[in-house]
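This report refers to the structure that appears directly beneath it.
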Amino acid sequence: MLLPLQARLAEAVRSAARSAFGAELGELSFQYPPRLELGDLALTAPFDLARALRQNPREIAARLAGELSRASGVRRAEVAGGGYVNLFLDRAAFARELHASLRAAAGPPRVPGRVIVEHTSINPNKAAHIGHLRNAALGDTFVRVLRHRGREVGVQNYIDDTGIQVADVVVGFLHMDKKGLAEVERIEGRFDDYCWDLYARVGDFYAEDPSRRGLQAETLHAIEAGGNETARLAAHVAARIVERHLDTMERLGIRYDLLARESDILRLHFWERAFELLKQAGALRLETEGKNAGCWVLSMEDSIDSSALGAPAEATSAPPARDSHPRGRNLEDESPRGRGSPAGEARRIDEDKVIVRSNGTVTYTGKDIAYQLWKLGRLDRDFRYRRHRVYPDGHVLWTTTSEAGFPPLGAAKRTRTMSGGEFTSPPLKTRGGVLGGAPLAPPSSMTDDGEPGAPVFGHARAVYNVIDVGQSYPQRVVKAGVAALAGPDAATASHHLAYEKVVLSPATARALGYAVGADEAAVKVSGRKGLGVKANDLVDALLAKARSEIDARDPERDAPARERAASAIAVGALRYFLLKYGRTKIITFDMEEALSFTGETGPYVQNGVVRARNIFAKMEAEGHRPEELAGRAAGLDLGTMLEGEEGDEAWSLLLLMARSDEVAEQAVKAEEVSLVAKHAFAVAQAFHAYYQNPRYSVLHAESEDRRAFRTMLVDAFLRQMDVLTSLLGIPVPEKM
RNA sequence: GCGCCCGUAGCUCAGCAGGAUAGAGCAGCGGUUUCCUAAACCGCAGGCCGCCCGUUCGAGUCGGGCCGGGCGCACCA
């Protein structure tokens, strides 16, 4: 709401600067004076002009203030401090417009082009833990904010179903537990928890006898080759764990559009194609001597313009130098250091990164380059798709597939073209045919291939990969590969949304049964050791806490209502907890703190909304019509209402709410969703304070006009919070 | 060695496209419930913004250099 006004005022400032000083101002931003008495918006442009013009900033400010005081929407403008121009807005007009726009709930204009956000991407070999939740909460919230700001977003969850982590669990089943596919299928209960324990045992199994690592390699090869019992077991494990992960995330309101499986990337030969293209482009070099002899390497030095890689040292002026990280996967384990790389070994910087090993196999990074190229619509291959699950609201989650019946790109003619793409590769063979006995319907308008009705995936204008910061280096390699093949623009379109890990507080680690040294400030989560807080356990603990709080307050509440509220509070508490920290901050997870429902927490935010709703409920119970009253407020003398002590307080609340869109926009630009969380808290806090004052009672207002005015304020708050809580994925219970 | 992240109140963190007396939450102390009641509100106390130098009219915010902590720099993912 504030954004259009700011744009208008910025234009007025520019034109004033032009006419008064003949100066051209670039981007200018508004600030907020520290106190309401000083003004509603502050302008620091005079300082910039003063430098350029070598004049006194206060004099410049005076000229600008004169111009701006005539701008529409501005009541007055005054010079303050060393040369600020402080603007006082026309409160009545602003309030009217704000309320109208909140009631209309009009979104921002659509921003053309598809955006892909990849998040979660947990190895499908064990239960999700707190670190994975941070990834998912971050990604999911970023998606919500992007959509709010008009982007069309596709959410992808990458499933590494052929990787070493799945192989380890398979080793555990086959060689430790002596269980084959049939036995594993019969395992009941929480399969992800079962594998969690098993995975930890496999670590010990290898440690006891290093030669057992051979089993790992053997298993991995069998999985990649496919068509054997081991591969079928791996597929079963991965598929079952993925279901558990999806269920876990569903508890938190986190959903996806597509599961992108690594096995499909392999079987549909994405890498082979990317390899060809990379060789053609001269991006890869076959090393003939040295330690990388026989490998295809990607040069990290001269690949392309280094600014496109977001090289950290680069001080690019255009975008805020925030995006200095490439991308990777949701790493959950400490890297197995200590084996074969003794400390103190010479560590010279590698300018080259091996993409294809001397034995001809491709590295993870190579596969990732292919996947990233596909996301950007720069690979002339596509997946086949089929429906994976339908969420309760009807939303369909698709999965990639390479199975027959879902013809890949190249087999059928493609109606939708890829930007600049050429289809030189031979069509892949496909058997076409039937699905579940039913003949395949012709492709829908949205899709060319695969199961009918699949939307277009890939072909993104921008890609955000939510991956932990530890993988910044491999992600830079991916970016370099993309740059080498698709140019700097494609690299720039690839964003690594890097976030720091979650570690455990000593108290929490001890509670989990781990010995913690007195000098340790934090304990690292370790999937290999089975050390960590499992996501479902955490949600369960939050639920239990919420239930007991509800019982203490309102023992009469019926069971379903109680459960609904407990769930909302648990989810709200957890999501807010995960979102309130900046993403580059290591979160030291402490169970007691996470279970807190007071202070700067999700429940505090929820409670603000519930209290506002209570006002309306009470009004209705006493025969008032809040909706109607709020609508009538537009006809009030808002100018008078917004004066005086109450007027000031109401005004500051309105002004704060009005900043929401600006905050969301900043969150997108800075790739920092904690801004939205902090803002939602601030708005709730302002409302709590206002609400607390009995003199501002809506129900017991001194006049009908006052009541209408306050009703409008509460109505605006509810509508704004509806937006903000949705952005954060925080549900609001009917009652607290 | 090179690179990245972090270092702000006792604790956990905001603030960082430079701007007006540095803000929250928790913990502590003291208040506020016949009220749209408290998962809340008000007040008190608590800060060489790691250190030094620089740029600037102005630095917690930018640059350089240190110090401390974490992470990365595989033919692992």
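Note on naming: chains are A, B, ... as they come in the structure tokens, residues start from 1 per chain, ligands start from 1 in the order shown.
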
Please list as a ChimeraX atom specification every residue within 9 Å of B:A22, counting only C-alpha atoms (C1' of nucleotides) and excluding residues in the same chain fewer than 6 positions away. /B:8,15,47,49,60

Give as number ranges by chain every residue of chain B that touches chain A within 9 Å, counting only C-alpha atoms (C1' of nucleotides). B: 1-6, 12-14, 17, 19-20, 24-26, 35-36, 39-41, 57, 70-77

If you count only C-alpha atoms (C1' of nucleotides), which residues fall within 8 Å of stretch 212-220 of chain A, apart from same-chain ones fewer than 5 positions away, as a VMD selection string? chain A and resid 162 to 164 167 to 168 170 to 171 205 to 206 230

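With distances taken over only C-alpha atoms (C1' of nucleotides), A:Ala522 is the one residue among A:Ile187, A:Ile467, A:Val668, A:Ala522 lying closest to B:G69.
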
Can you tell me, as a ChimeraX atom specification, which residues in stretch 520-596 of chain A count as alpha helix (DSSP H) by DSSP? /A:535-553,559-579,591-594

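Atom to atom, atom CA of A:Met300 and atom CA of A:Asp380 stand 24.8 Å apart.
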
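Within 12 Å of A:Glu276, once only C-alpha atoms (C1' of nucleotides) are used and residues closer than 2 positions along the same chain are dropped, the contacting residues are His269, Phe270, Trp271, Glu272, Arg273, Ala274, Leu278, Lys279, Gln280, Ala281, Gly282, Ala283, Leu284, Trp296, Ala370, Leu379, Asp380, Thr424, Ser425 and Leu485 of chain A.
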
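Look at A:Ala561: the protein and nucleic acid residues within 12 Å of it, using only C-alpha atoms (C1' of nucleotides) and passing over chain neighbours fewer than 2 places away, are A:Arg547, A:Ile550, A:Asp551, A:Asp554, A:Pro555, A:Glu556, A:Arg557, A:Asp558, A:Ala559, A:Glu563, A:Arg564, A:Ala565, A:Ala566, A:Ser567, A:Ala568, A:Pro733, A:Glu734, A:Lys735, A:Met736.
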
Next, dump the selected residues to file, keeping only C-alpha atoms, as an mmCIF file, in the first residue's frame.
data_model
loop_
_atom_site.group_PDB
_atom_site.id
_atom_site.type_symbol
_atom_site.label_atom_id
_atom_site.label_comp_id
_atom_site.auth_asym_id
_atom_site.auth_seq_id
_atom_site.Cartn_x
_atom_site.Cartn_y
_atom_site.Cartn_z
ATOM 1 C CA ARG A 547 -2.813 -29.280 24.465
ATOM 2 C CA ILE A 550 -5.295 -25.238 26.284
ATOM 3 C CA ASP A 551 -6.508 -27.562 29.005
ATOM 4 C CA ASP A 554 -10.169 -23.821 28.840
ATOM 5 C CA PRO A 555 -10.847 -27.346 30.093
ATOM 6 C CA GLU A 556 -14.374 -27.237 28.731
ATOM 7 C CA ARG A 557 -13.364 -27.080 25.100
ATOM 8 C CA ASP A 558 -14.523 -30.035 23.061
ATOM 9 C CA ALA A 559 -11.959 -32.445 21.743
ATOM 10 C CA GLU A 563 -7.055 -30.539 18.605
ATOM 11 C CA ARG A 564 -7.491 -27.955 15.899
ATOM 12 C CA ALA A 565 -6.214 -25.221 18.150
ATOM 13 C CA ALA A 566 -3.321 -27.314 19.424
ATOM 14 C CA SER A 567 -2.272 -28.064 15.884
ATOM 15 C CA ALA A 568 -2.432 -24.424 14.819
ATOM 16 C CA PRO A 733 -6.818 -20.968 15.723
ATOM 17 C CA GLU A 734 -10.397 -19.906 16.461
ATOM 18 C CA LYS A 735 -9.494 -19.544 20.090
ATOM 19 C CA MET A 736 -6.220 -19.517 21.944
#

So which residues touch A:Leu64 within 12 Å, counting only C-alpha atoms (C1' of nucleotides), skipping near sequence neighbours fewer than 5 positions away, as a tab-separated table (two decimals) with C-alpha atoms, in the first residue's frame?
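Below is the file result_13.tsv, written as the result:
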chain	number	residue	atom	x	y	z
A	9	LEU	CA	6.55	10.72	-4.12
A	10	ALA	CA	9.89	9.58	-5.46
A	12	ALA	CA	7.88	14.19	-7.25
A	13	VAL	CA	11.26	14.39	-5.55
A	14	ARG	CA	13.08	13.66	-8.78
A	15	SER	CA	11.17	16.28	-10.65
A	16	ALA	CA	11.71	18.80	-7.88
A	17	ALA	CA	15.43	18.08	-7.90
A	18	ARG	CA	15.45	18.50	-11.64
A	19	SER	CA	13.65	21.81	-11.74
A	20	ALA	CA	15.26	23.32	-8.68
A	21	PHE	CA	18.83	22.13	-9.12
A	43	LEU	CA	13.83	11.61	2.78
A	44	THR	CA	17.62	11.72	2.82
A	45	ALA	CA	18.03	12.85	-0.76
A	46	PRO	CA	19.16	16.33	0.34
A	47	PHE	CA	22.35	14.83	1.71
A	49	LEU	CA	22.33	16.38	-3.48
A	57	PRO	CA	21.83	20.16	2.79
A	58	ARG	CA	19.36	22.10	4.88
A	59	GLU	CA	18.87	24.65	2.13
A	69	SER	CA	4.34	19.86	0.52
A	70	ARG	CA	2.22	20.31	-2.59
A	71	ALA	CA	2.40	16.66	-3.59
A	76	ARG	CA	3.05	18.92	5.01
A	77	ALA	CA	6.77	18.55	4.62
A	78	GLU	CA	9.35	19.95	6.92
A	79	VAL	CA	13.08	20.14	7.23
A	83	GLY	CA	18.81	18.12	6.20
A	84	TYR	CA	16.05	15.59	6.24
A	85	VAL	CA	12.78	16.24	4.59
A	86	ASN	CA	10.13	14.75	6.79
A	87	LEU	CA	6.76	14.13	5.23

Just give me the gap between atom CA of A:Asn135 and atom CA of A:Asp468 in Å, one decimal is fine. 7.7 Å

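For the pair atom CA of A:Val169 and atom CA of A:Pro210, the interatomic distance is 16.5 Å.
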
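Comparing A:Gly481, A:Gly377, A:Gly22, A:Gly572 by their smallest distance to A:Ala546, the closest is A:Gly572 (using only C-alpha atoms).
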
Give the strand (DSSP E) residues of stretch 29-118 of chain A, as DSSP finds them on the backbone, and put them as a PDB file with C-alpha atoms, in the first residue's frame.
ATOM      1  CA  PHE A  30      12.286   6.491   1.985  1.00  0.00           C
ATOM      2  CA  GLN A  31      13.056   5.999   5.577  1.00  0.00           C
ATOM      3  CA  LEU A  41       8.302   9.293   5.931  1.00  0.00           C
ATOM      4  CA  ALA A  42      11.773  10.714   5.768  1.00  0.00           C
ATOM      5  CA  LEU A  43      13.826  11.613   2.776  1.00  0.00           C
ATOM      6  CA  VAL A  74       1.162  14.886   1.641  1.00  0.00           C
ATOM      7  CA  ARG A  75      -0.188  17.162   4.330  1.00  0.00           C
ATOM      8  CA  ARG A  76       3.055  18.918   5.009  1.00  0.00           C
ATOM      9  CA  ALA A  77       6.770  18.546   4.617  1.00  0.00           C
ATOM     10  CA  GLU A  78       9.354  19.954   6.924  1.00  0.00           C
ATOM     11  CA  VAL A  79      13.078  20.142   7.227  1.00  0.00           C
ATOM     12  CA  ALA A  80      14.589  18.373  10.193  1.00  0.00           C
ATOM     13  CA  TYR A  84      16.052  15.588   6.238  1.00  0.00           C
ATOM     14  CA  VAL A  85      12.777  16.245   4.594  1.00  0.00           C
ATOM     15  CA  ASN A  86      10.129  14.749   6.794  1.00  0.00           C
ATOM     16  CA  LEU A  87       6.763  14.134   5.226  1.00  0.00           C
ATOM     17  CA  PHE A  88       3.500  14.133   7.068  1.00  0.00           C
ATOM     18  CA  LEU A  89       0.906  12.236   5.117  1.00  0.00           C
ATOM     19  CA  VAL A 111       5.400 -10.607 -12.863  1.00  0.00           C
ATOM     20  CA  PRO A 112       5.840 -12.520 -16.097  1.00  0.00           C
ATOM     21  CA  GLY A 113       7.946 -15.647 -16.217  1.00  0.00           C
ATOM     22  CA  ARG A 114       8.000 -18.803 -14.195  1.00  0.00           C
ATOM     23  CA  VAL A 115      10.114 -19.092 -11.068  1.00  0.00           C
ATOM     24  CA  ILE A 116      11.271 -22.378  -9.616  1.00  0.00           C
ATOM     25  CA  VAL A 117      12.028 -22.849  -5.967  1.00  0.00           C
ATOM     26  CA  GLU A 118      13.643 -26.083  -4.944  1.00  0.00           C
TER      27      GLU A 118
END
